[in-house]
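Source file: query03.pdb (PDB, C-alpha atoms and all ligand atoms)
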```
ATOM      1  CA  MET A 171       0.000   0.000   0.000
ATOM      2  CA  THR A 172       1.315   3.420  -0.899
ATOM      3  CA  GLN A 173       2.213   5.464   2.130
ATOM      4  CA  ARG A 174       0.781   8.955   1.906
ATOM      5  CA  ILE A 175       3.219  11.647   3.012
ATOM      6  CA  GLY A 176       1.888  15.120   3.862
ATOM      7  CA  ILE A 177       3.464  18.003   1.957
ATOM      8  CA  ASN A 178       5.694  20.226   4.074
ATOM      9  CA  LEU A 179       5.131  23.714   2.686
ATOM     10  CA  VAL A 180       7.661  25.468   4.904
ATOM     11  CA  GLN A 181      10.515  23.065   4.226
ATOM     12  CA  GLY A 182       9.701  23.084   0.530
ATOM     13  CA  ASN A 183       9.802  26.872   0.330
ATOM     14  CA  LEU A 184      13.047  27.085   2.293
ATOM     15  CA  ARG A 185      14.597  24.599  -0.123
ATOM     16  CA  PHE A 186      13.254  26.607  -3.076
ATOM     17  CA  GLN A 187      14.766  29.835  -1.686
ATOM     18  CA  ARG A 188      18.136  28.171  -1.167
ATOM     19  CA  GLU A 189      18.416  25.929  -4.221
ATOM     20  CA  VAL A 190      16.373  27.681  -6.902
ATOM     21  CA  PHE A 191      15.705  31.339  -6.145
ATOM     22  CA  GLU A 192      19.148  32.403  -4.918
ATOM     23  CA  PRO A 193      21.131  30.820  -7.773
ATOM     24  CA  LYS A 194      18.711  32.365 -10.333
ATOM     25  CA  LYS A 195      18.122  35.608  -8.470
ATOM     26  CA  ALA A 196      18.910  37.895 -11.413
ATOM     27  CA  SER A 197      16.392  36.103 -13.621
ATOM     28  CA  PHE A 198      13.702  36.235 -10.960
ATOM     29  CA  GLU A 199      14.380  39.954 -10.436
ATOM     30  CA  GLU A 200      13.725  40.585 -14.143
ATOM     31  CA  LEU A 201      10.205  39.249 -13.574
ATOM     32  CA  ILE A 202       9.545  41.941 -10.964
ATOM     33  CA  GLN A 203       9.095  44.376 -13.872
ATOM     34  CA  GLY A 204       6.068  42.429 -15.092
ATOM     35  CA  GLN A 205       5.025  39.369 -17.018
ATOM     36  CA  GLN A 206       5.028  38.745 -20.740
ATOM     37  CA  PRO A 207       4.031  35.083 -21.009
ATOM     38  CA  ARG A 208       4.470  33.264 -24.291
ATOM     39  CA  ALA A 209       1.082  31.551 -24.134
ATOM     40  CA  LEU A 210      -2.115  30.944 -22.203
ATOM     41  CA  TYR A 211      -2.226  27.295 -21.165
ATOM     42  CA  VAL A 212      -5.567  25.675 -20.357
ATOM     43  CA  GLY A 213      -5.011  22.287 -18.777
ATOM     44  CA  CYS A 214      -6.260  19.659 -16.359
ATOM     45  CA  ALA A 215      -5.749  20.061 -12.609
ATOM     46  CA  ASP A 216      -4.226  16.557 -12.463
ATOM     47  CA  SER A 217      -1.132  16.772 -10.237
ATOM     48  CA  ARG A 218       0.907  14.671 -12.672
ATOM     49  CA  VAL A 219       0.532  17.102 -15.563
ATOM     50  CA  VAL A 220       2.622  20.157 -14.689
ATOM     51  CA  ALA A 221       2.378  22.703 -17.503
ATOM     52  CA  GLU A 222       5.747  24.372 -17.020
ATOM     53  CA  MET A 223       7.509  21.037 -16.706
ATOM     54  CA  ILE A 224       6.026  19.264 -19.733
ATOM     55  CA  LEU A 225       6.632  22.306 -21.975
ATOM     56  CA  ASP A 226      10.015  23.039 -20.360
ATOM     57  CA  VAL A 227       9.368  26.685 -19.560
ATOM     58  CA  GLY A 228      10.110  28.744 -16.479
ATOM     59  CA  PRO A 229       8.389  31.407 -14.380
ATOM     60  CA  GLY A 230       6.852  34.193 -16.448
ATOM     61  CA  GLU A 231       6.514  32.111 -19.599
ATOM     62  CA  LEU A 232       3.031  30.601 -19.259
ATOM     63  CA  PHE A 233      -0.252  32.113 -18.072
ATOM     64  CA  VAL A 234      -2.007  29.060 -16.670
ATOM     65  CA  VAL A 235      -5.628  28.068 -16.089
ATOM     66  CA  ARG A 236      -6.222  24.548 -14.807
ATOM     67  CA  ASN A 237      -9.460  22.801 -13.977
ATOM     68  CA  ILE A 238     -10.768  19.259 -13.892
ATOM     69  CA  GLY A 239     -10.602  17.848 -17.404
ATOM     70  CA  ALA A 240      -9.130  21.003 -19.078
ATOM     71  CA  ILE A 241     -12.648  22.106 -19.886
ATOM     72  CA  VAL A 242     -13.652  25.223 -21.791
ATOM     73  CA  PRO A 243     -17.249  26.051 -20.837
ATOM     74  CA  HIS A 244     -19.380  27.664 -23.546
ATOM     75  CA  PRO A 245     -19.190  31.490 -23.295
ATOM     76  CA  ASN A 246     -22.946  31.648 -22.624
ATOM     77  CA  ASP A 247     -22.633  29.295 -19.642
ATOM     78  CA  ASP A 248     -22.441  30.775 -16.132
ATOM     79  CA  ALA A 249     -19.394  28.587 -15.541
ATOM     80  CA  SER A 250     -17.469  30.541 -18.199
ATOM     81  CA  THR A 251     -16.670  33.507 -15.943
ATOM     82  CA  SER A 252     -13.315  32.279 -14.641
ATOM     83  CA  LEU A 253     -11.913  31.172 -17.971
ATOM     84  CA  GLY A 254     -13.546  34.129 -19.752
ATOM     85  CA  ALA A 255     -11.758  36.534 -17.406
ATOM     86  CA  ALA A 256      -8.459  34.745 -18.043
ATOM     87  CA  LEU A 257      -9.035  34.994 -21.805
ATOM     88  CA  ASP A 258      -9.817  38.717 -21.576
ATOM     89  CA  TYR A 259      -6.716  39.362 -19.491
ATOM     90  CA  ALA A 260      -4.365  37.120 -21.449
ATOM     91  CA  ILE A 261      -5.455  38.411 -24.849
ATOM     92  CA  HIS A 262      -6.206  42.092 -24.176
ATOM     93  CA  VAL A 263      -3.632  42.905 -21.494
ATOM     94  CA  LEU A 264      -0.845  40.330 -21.840
ATOM     95  CA  GLU A 265      -1.335  39.996 -25.613
ATOM     96  CA  VAL A 266      -0.342  36.324 -25.673
ATOM     97  CA  PRO A 267       0.171  35.060 -29.235
ATOM     98  CA  ASP A 268      -0.891  31.480 -28.472
ATOM     99  CA  ILE A 269      -3.394  29.471 -26.458
ATOM    100  CA  VAL A 270      -2.629  25.828 -25.690
ATOM    101  CA  VAL A 271      -5.470  23.548 -24.562
ATOM    102  CA  CYS A 272      -3.884  20.420 -23.101
ATOM    103  CA  GLY A 273      -5.759  17.291 -22.078
ATOM    104  CA  HIS A 274      -3.982  14.125 -21.028
ATOM    105  CA  ASP A 275      -4.092  10.354 -21.114
ATOM    106  CA  LEU A 276      -4.969   8.638 -17.812
ATOM    107  CA  CYS A 277      -7.279  11.568 -17.010
ATOM    108  CA  GLY A 278      -9.097  10.462 -13.879
ATOM    109  CA  ALA A 279     -12.124  12.614 -14.577
ATOM    110  CA  LEU A 280     -12.710  11.161 -18.026
ATOM    111  CA  ARG A 281     -11.919   7.646 -16.817
ATOM    112  CA  ALA A 282     -14.540   7.978 -14.100
ATOM    113  CA  ILE A 283     -17.113   8.746 -16.786
ATOM    114  CA  VAL A 284     -16.051   5.799 -18.951
ATOM    115  CA  ASP A 285     -16.031   3.455 -15.978
ATOM    116  CA  ALA A 286     -19.477   4.682 -14.879
ATOM    117  CA  ASN A 287     -18.098   5.514 -11.450
ATOM    118  CA  THR A 288     -19.384   9.049 -11.479
ATOM    119  CA  LYS A 289     -22.618   9.695  -9.665
ATOM    120  CA  VAL A 290     -25.171  11.205 -12.034
ATOM    121  CA  GLY A 291     -25.882  14.751 -10.953
ATOM    122  CA  SER A 292     -22.679  15.034  -8.897
ATOM    123  CA  HIS A 293     -20.610  18.199  -9.201
ATOM    124  CA  LEU A 294     -18.067  16.214 -11.216
ATOM    125  CA  GLU A 295     -20.635  14.882 -13.654
ATOM    126  CA  ARG A 296     -22.252  18.311 -14.037
ATOM    127  CA  TRP A 297     -18.856  19.979 -14.562
ATOM    128  CA  LEU A 298     -17.721  17.477 -17.201
ATOM    129  CA  ARG A 299     -20.930  18.069 -19.104
ATOM    130  CA  LYS A 300     -19.867  21.714 -19.479
ATOM    131  CA  GLY A 301     -17.281  20.547 -21.950
ATOM    132  CA  SER A 302     -18.863  17.460 -23.420
ATOM    133  CA  SER A 303     -20.998  18.698 -26.334
ATOM    134  CA  ASP A 304     -19.427  19.446 -29.686
ATOM    135  CA  VAL A 305     -20.736  22.039 -32.123
ATOM    136  CA  GLN A 306     -23.083  19.477 -33.692
ATOM    137  CA  GLY A 307     -24.542  18.759 -30.251
ATOM    138  CA  PHE A 308     -22.872  15.341 -29.994
ATOM    139  CA  ASP A 309     -22.604  14.552 -26.286
ATOM    140  CA  LEU A 310     -19.333  12.810 -25.538
ATOM    141  CA  ILE A 311     -20.366  11.630 -22.094
ATOM    142  CA  ASP A 312     -23.446   9.912 -23.467
ATOM    143  CA  HIS A 313     -21.181   8.049 -25.925
ATOM    144  CA  ALA A 314     -18.086   7.778 -23.725
ATOM    145  CA  ARG A 315     -18.454   4.067 -23.059
ATOM    146  CA  GLU A 316     -18.321   3.340 -26.801
ATOM    147  CA  MET A 317     -14.897   5.021 -27.106
ATOM    148  CA  SER A 318     -11.417   4.181 -25.913
ATOM    149  CA  ILE A 319     -10.099   6.551 -23.264
ATOM    150  CA  GLU A 320      -7.556   7.830 -25.826
ATOM    151  CA  GLN A 321     -10.332   8.581 -28.325
ATOM    152  CA  LEU A 322     -12.366  10.268 -25.624
ATOM    153  CA  VAL A 323      -9.578  12.581 -24.470
ATOM    154  CA  GLU A 324      -8.723  13.592 -28.050
ATOM    155  CA  ARG A 325     -12.364  14.302 -28.864
ATOM    156  CA  PHE A 326     -12.675  16.145 -25.574
ATOM    157  CA  VAL A 327      -9.715  18.407 -26.395
ATOM    158  CA  ALA A 328     -11.016  19.017 -29.921
ATOM    159  CA  VAL A 329     -14.354  20.120 -28.464
ATOM    160  CA  GLN A 330     -12.639  22.488 -26.021
ATOM    161  CA  VAL A 331     -10.615  24.091 -28.844
ATOM    162  CA  ASP A 332     -13.757  24.536 -30.932
ATOM    163  CA  THR A 333     -15.587  26.010 -27.933
ATOM    164  CA  LEU A 334     -12.748  28.486 -27.356
ATOM    165  CA  MET A 335     -13.433  29.839 -30.836
ATOM    166  CA  GLU A 336     -16.974  30.691 -29.678
ATOM    167  CA  TYR A 337     -15.528  33.419 -27.411
ATOM    168  CA  ASP A 338     -15.607  36.746 -29.278
ATOM    169  CA  VAL A 339     -12.194  37.774 -27.967
ATOM    170  CA  VAL A 340     -10.616  34.564 -29.257
ATOM    171  CA  ARG A 341     -12.409  34.479 -32.616
ATOM    172  CA  ASP A 342     -11.658  38.143 -33.340
ATOM    173  CA  SER A 343      -7.985  37.825 -32.400
ATOM    174  CA  VAL A 344      -7.550  34.659 -34.481
ATOM    175  CA  SER A 345      -9.270  36.344 -37.448
ATOM    176  CA  ALA A 346      -6.934  39.321 -37.099
ATOM    177  CA  GLY A 347      -3.899  37.024 -37.132
ATOM    178  CA  ARG A 348      -2.833  37.983 -33.619
ATOM    179  CA  LEU A 349      -3.600  34.645 -31.959
ATOM    180  CA  SER A 350      -3.286  30.930 -32.628
ATOM    181  CA  VAL A 351      -5.114  28.196 -30.727
ATOM    182  CA  HIS A 352      -3.587  24.737 -30.286
ATOM    183  CA  GLY A 353      -4.976  21.490 -28.887
ATOM    184  CA  CYS A 354      -2.791  18.724 -27.514
ATOM    185  CA  VAL A 355      -2.856  15.591 -25.370
ATOM    186  CA  TYR A 356      -0.048  14.751 -22.953
ATOM    187  CA  ASP A 357       0.809  11.137 -22.219
ATOM    188  CA  PRO A 358       2.118  10.755 -18.623
ATOM    189  CA  ARG A 359       3.473   7.306 -19.530
ATOM    190  CA  THR A 360       5.927   8.626 -22.135
ATOM    191  CA  GLY A 361       6.155  12.394 -21.630
ATOM    192  CA  ARG A 362       5.044  12.849 -25.240
ATOM    193  CA  LEU A 363       2.484  15.239 -26.690
ATOM    194  CA  ARG A 364      -0.013  14.493 -29.429
ATOM    195  CA  ILE A 365      -0.910  17.738 -31.170
ATOM    196  CA  ARG A 366      -4.186  18.354 -32.960
ATOM    197  CA  GLN A 367      -3.714  19.055 -36.619
ATOM    198  CA  PRO A 368      -5.385  22.286 -37.753
ATOM    199  CA  GLY A 369      -8.867  21.850 -39.190
ATOM    200  CA  VAL A 370      -9.092  18.094 -38.563
ATOM    201  CA  GLU A 371      -9.892  15.821 -35.656
ATOM    202  CA  SER A 372      -6.683  13.801 -35.720
ATOM    203  CA  PHE A 373      -3.771  14.243 -33.356
ATOM    204  CA  MET A 374      -0.130  13.641 -34.273
ATOM    205  CA  GLU A 375       2.566  12.549 -31.877
ATOM    206  CA  PHE A 376       5.841  14.432 -31.887
ATOM    207  CA  ARG A 377       8.794  12.330 -30.793
ATOM    208  CA  PRO A 378      12.014  13.984 -29.650
ATOM    209  CA  VAL A 379      13.986  13.328 -32.830
ATOM    210  CA  GLU A 380      11.158  14.709 -35.007
ATOM    211  CA  THR A 381      10.494  17.829 -33.000
ATOM    212  CA  ARG A 382      11.957  20.788 -34.799
ATOM    213  CA  THR A 383       9.304  23.354 -34.030
ATOM    214  CA  SER A 384       7.696  24.244 -30.736
ATOM    215  CA  ILE A 385       4.026  24.919 -30.288
ATOM    216  CA  LEU A 386       5.229  27.987 -28.425
ATOM    217  CA  PRO A 387       7.091  30.924 -30.002
ATOM    218  CA  PRO A 388      10.758  31.475 -29.064
ATOM    219  CA  PRO A 389      11.296  32.773 -25.532
ATOM    220  CA  ALA A 390      12.090  36.412 -24.870
ATOM    221  CA  SER A 391      13.856  35.347 -21.713
ATOM    222  CA  LYS A 392      13.673  32.275 -19.567
ATOM    223  CA  VAL A 393      14.132  31.431 -15.943
ATOM    224  CA  ASP A 394      15.081  27.812 -15.581
ATOM    225  CA  ALA A 395      13.585  26.778 -12.260
ATOM    226  CA  ALA A 396      14.787  23.203 -12.546
TER     227      ALA A 396
HETATM  228 ZN    ZN B   1      -7.202  15.068 -16.020
END
```
Write the structure described by the file as structure tokens, please.
Amino acid sequence: MTQRIGINLVQGNLRFQREVFEPKKASFEELIQGQQPRALYVGCADSRVVAEMILDVGPGELFVVRNIGAIVPHPNDDASTSLGAALDYAIHVLEVPDIVVCGHDLCGALRAIVDANTKVGSHLERWLRKGSSDVQGFDLIDHAREMSIEQLVERFVAVQVDTLMEYDVVRDSVSAGRLSVHGCVYDPRTGRLRIRQPGVESFMEFRPVETRTSILPPPASKVDAA
């Protein structure tokens, strides 16, 4: 049985000050002037999928919104306020050039739906439904048990990307050529990303040797917190 060990916040922060902050102090001090992140990242709250780590970026490089399932509620839904505010701020104020929506394999929320372990009407079930209908009204949760978990997460991400385009601020910025929206799935078993190909439903895996371009633009500056 796995022994659960409580997180020690104080010891962790003292170690961070000593081993990370002090050696990189000059880089951290640059960030005092303000932030100019390279992208808005919308991802799952799963503790195994750490945005900055899987994209190898440091403090100041990603503006991050995480929730269960990496869901983008429809802009007309009351649940859109949090993400909508992040979109307004990231696009209007921070002027990010890219949005990355990142789902992941082994997603516990989606697995619970497939395995029928989620109580109908629970907060979790109601939340997942916020992101489960595609533009044709196809309800992924209703059909989840007919799909593999990999199919479900890819369809789920595709729906979230399409729903993002329903936000005026996103659609207008994309139309004006100031913003690009990307969908991807992270595999915690391999560390690899599958990236949605523009205009189609399929996702393509990028292996290390094949990766010549990033889904993020080049960094202006980077603080390596590793
Ligand atoms: Zn997840």
*Could I get the residue neighbourhood of ligand ZN 1 (chain B) at 7 Å, counting all atoms listed in the file, as JSON, numbers by chain?*
{"A": [214, 215, 216, 238, 239, 240, 273, 274, 277, 278, 279]}
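Evaluated against the shown file, the PyMOL selection byres (((chain A and resi 322) around 10) and not hetatm) gives Asp275, Leu280, Arg281, Val284, Ser302, Leu310, Ile311, His313, Ala314, Arg315, Glu316, Met317, Ser318, Ile319, Glu320, Gln321, Val323, Glu324, Arg325, Phe326, Val327 and Ala328 of chain A.
Using all atoms listed in the file, the smallest distance between any of A:Glu336, A:Gly361, A:Trp297, A:Ser372 and Asp226 in chain A comes from A:Gly361.
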Kindly provide, as AutoDock Vina command-line options, the centre and edge lengths (Å, one decimal) of an axis-aligned box around all atoms of range 230-234 of chain A given in the file, with 5 Å on each side.
```
--center_x 2.4 --center_y 31.6 --center_z -18.0 --size_x 18.9 --size_y 15.1 --size_z 13.2
```
*Residues at most 6 Å from Gly301 in chain A, counting all atoms listed in the file, excluding those fewer than 5 positions away in the same chain, as a PyMOL selection string?*
chain A and resi 241-243
*Explicit residues for the PyMOL selection byres (((chain A and resi 359) around 12) and not hetatm) (as a ChimeraX atom specification)*: /A:218-219,274-277,355-358,360-363
*range 203-206 of chain A: which residues within 10 Å, counting only C-alpha atoms, same-chain residues fewer than 4 positions away excluded, as a PyMOL selection string?*
chain A and resi 198-199+229-233+260+263-266+389-391
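You can rank A:Glu200, A:Leu184, A:Ile261, A:Ala249 by their closest distance to Arg341 in chain A using all atoms listed in the file, and at the top of that list sits A:Ile261.
In this structure, CA of Ser252 in chain A sits 8.9 Å away from CA of Val235 in chain A.
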Quick one: range 213-241 of chain A with N, CA and C atoms, as a PDB file, keeping the file's coordinate frame?
```pdb
ATOM      1  N   GLY A 213      -5.286  23.703 -18.966  1.00  0.00           N
ATOM      2  CA  GLY A 213      -5.011  22.287 -18.777  1.00  0.00           C
ATOM      3  C   GLY A 213      -5.769  21.694 -17.614  1.00  0.00           C
ATOM      4  N   CYS A 214      -5.583  20.379 -17.438  1.00  0.00           N
ATOM      5  CA  CYS A 214      -6.260  19.659 -16.359  1.00  0.00           C
ATOM      6  C   CYS A 214      -5.537  19.904 -15.029  1.00  0.00           C
ATOM      7  N   ALA A 215      -6.306  19.851 -13.950  1.00  0.00           N
ATOM      8  CA  ALA A 215      -5.749  20.061 -12.609  1.00  0.00           C
ATOM      9  C   ALA A 215      -4.962  18.852 -12.115  1.00  0.00           C
ATOM     10  N   ASP A 216      -4.940  17.770 -12.878  1.00  0.00           N
ATOM     11  CA  ASP A 216      -4.226  16.557 -12.463  1.00  0.00           C
ATOM     12  C   ASP A 216      -2.801  16.891 -12.019  1.00  0.00           C
ATOM     13  N   SER A 217      -2.430  16.410 -10.826  1.00  0.00           N
ATOM     14  CA  SER A 217      -1.132  16.772 -10.237  1.00  0.00           C
ATOM     15  C   SER A 217       0.058  16.212 -11.013  1.00  0.00           C
ATOM     16  N   ARG A 218      -0.199  15.263 -11.910  1.00  0.00           N
ATOM     17  CA  ARG A 218       0.907  14.671 -12.672  1.00  0.00           C
ATOM     18  C   ARG A 218       1.231  15.439 -13.942  1.00  0.00           C
ATOM     19  N   VAL A 219       0.361  16.378 -14.296  1.00  0.00           N
ATOM     20  CA  VAL A 219       0.532  17.102 -15.563  1.00  0.00           C
ATOM     21  C   VAL A 219       0.858  18.554 -15.234  1.00  0.00           C
ATOM     22  N   VAL A 220       2.155  18.841 -15.107  1.00  0.00           N
ATOM     23  CA  VAL A 220       2.622  20.157 -14.689  1.00  0.00           C
ATOM     24  C   VAL A 220       3.013  20.948 -15.936  1.00  0.00           C
ATOM     25  N   ALA A 221       2.235  21.983 -16.236  1.00  0.00           N
ATOM     26  CA  ALA A 221       2.378  22.703 -17.503  1.00  0.00           C
ATOM     27  C   ALA A 221       3.816  23.138 -17.764  1.00  0.00           C
ATOM     28  N   GLU A 222       4.407  23.830 -16.800  1.00  0.00           N
ATOM     29  CA  GLU A 222       5.747  24.372 -17.020  1.00  0.00           C
ATOM     30  C   GLU A 222       6.769  23.259 -17.239  1.00  0.00           C
ATOM     31  N   MET A 223       6.545  22.131 -16.581  1.00  0.00           N
ATOM     32  CA  MET A 223       7.509  21.037 -16.706  1.00  0.00           C
ATOM     33  C   MET A 223       7.390  20.347 -18.062  1.00  0.00           C
ATOM     34  N   ILE A 224       6.163  20.035 -18.481  1.00  0.00           N
ATOM     35  CA  ILE A 224       6.026  19.264 -19.733  1.00  0.00           C
ATOM     36  C   ILE A 224       6.330  20.112 -20.962  1.00  0.00           C
ATOM     37  N   LEU A 225       6.263  21.441 -20.850  1.00  0.00           N
ATOM     38  CA  LEU A 225       6.632  22.306 -21.975  1.00  0.00           C
ATOM     39  C   LEU A 225       8.017  22.932 -21.766  1.00  0.00           C
ATOM     40  N   ASP A 226       8.654  22.576 -20.653  1.00  0.00           N
ATOM     41  CA  ASP A 226      10.015  23.039 -20.360  1.00  0.00           C
ATOM     42  C   ASP A 226      10.128  24.565 -20.419  1.00  0.00           C
ATOM     43  N   VAL A 227       9.296  25.219 -19.651  1.00  0.00           N
ATOM     44  CA  VAL A 227       9.368  26.685 -19.560  1.00  0.00           C
ATOM     45  C   VAL A 227       9.464  27.072 -18.080  1.00  0.00           C
ATOM     46  N   GLY A 228       9.898  28.287 -17.846  1.00  0.00           N
ATOM     47  CA  GLY A 228      10.110  28.744 -16.479  1.00  0.00           C
ATOM     48  C   GLY A 228       9.090  29.773 -16.059  1.00  0.00           C
ATOM     49  N   PRO A 229       9.301  30.372 -14.878  1.00  0.00           N
ATOM     50  CA  PRO A 229       8.389  31.407 -14.380  1.00  0.00           C
ATOM     51  C   PRO A 229       8.285  32.567 -15.374  1.00  0.00           C
ATOM     52  N   GLY A 230       7.072  33.066 -15.544  1.00  0.00           N
ATOM     53  CA  GLY A 230       6.852  34.193 -16.448  1.00  0.00           C
ATOM     54  C   GLY A 230       6.563  33.796 -17.880  1.00  0.00           C
ATOM     55  N   GLU A 231       6.653  32.513 -18.198  1.00  0.00           N
ATOM     56  CA  GLU A 231       6.514  32.111 -19.599  1.00  0.00           C
ATOM     57  C   GLU A 231       5.133  31.568 -19.961  1.00  0.00           C
ATOM     58  N   LEU A 232       4.374  31.117 -18.974  1.00  0.00           N
ATOM     59  CA  LEU A 232       3.031  30.601 -19.259  1.00  0.00           C
ATOM     60  C   LEU A 232       2.023  31.268 -18.330  1.00  0.00           C
ATOM     61  N   PHE A 233       0.892  31.685 -18.868  1.00  0.00           N
ATOM     62  CA  PHE A 233      -0.252  32.113 -18.072  1.00  0.00           C
ATOM     63  C   PHE A 233      -1.173  30.898 -18.007  1.00  0.00           C
ATOM     64  N   VAL A 234      -1.433  30.403 -16.801  1.00  0.00           N
ATOM     65  CA  VAL A 234      -2.007  29.060 -16.670  1.00  0.00           C
ATOM     66  C   VAL A 234      -3.398  29.073 -16.043  1.00  0.00           C
ATOM     67  N   VAL A 235      -4.313  28.361 -16.674  1.00  0.00           N
ATOM     68  CA  VAL A 235      -5.628  28.068 -16.089  1.00  0.00           C
ATOM     69  C   VAL A 235      -5.771  26.551 -16.073  1.00  0.00           C
ATOM     70  N   ARG A 236      -6.029  25.996 -14.891  1.00  0.00           N
ATOM     71  CA  ARG A 236      -6.222  24.548 -14.807  1.00  0.00           C
ATOM     72  C   ARG A 236      -7.545  24.257 -14.115  1.00  0.00           C
ATOM     73  N   ASN A 237      -8.232  23.268 -14.629  1.00  0.00           N
ATOM     74  CA  ASN A 237      -9.460  22.801 -13.977  1.00  0.00           C
ATOM     75  C   ASN A 237      -9.606  21.306 -14.267  1.00  0.00           C
ATOM     76  N   ILE A 238     -10.582  20.696 -13.685  1.00  0.00           N
ATOM     77  CA  ILE A 238     -10.768  19.259 -13.892  1.00  0.00           C
ATOM     78  C   ILE A 238     -11.166  18.988 -15.339  1.00  0.00           C
ATOM     79  N   GLY A 239     -10.325  18.256 -16.040  1.00  0.00           N
ATOM     80  CA  GLY A 239     -10.602  17.848 -17.404  1.00  0.00           C
ATOM     81  C   GLY A 239     -10.140  18.821 -18.470  1.00  0.00           C
ATOM     82  N   ALA A 240      -9.535  19.970 -18.099  1.00  0.00           N
ATOM     83  CA  ALA A 240      -9.130  21.003 -19.078  1.00  0.00           C
ATOM     84  C   ALA A 240     -10.336  21.446 -19.910  1.00  0.00           C
ATOM     85  N   ILE A 241     -11.382  21.800 -19.217  1.00  0.00           N
ATOM     86  CA  ILE A 241     -12.648  22.106 -19.886  1.00  0.00           C
ATOM     87  C   ILE A 241     -12.781  23.589 -20.207  1.00  0.00           C
TER      88      ILE A 241
END
```
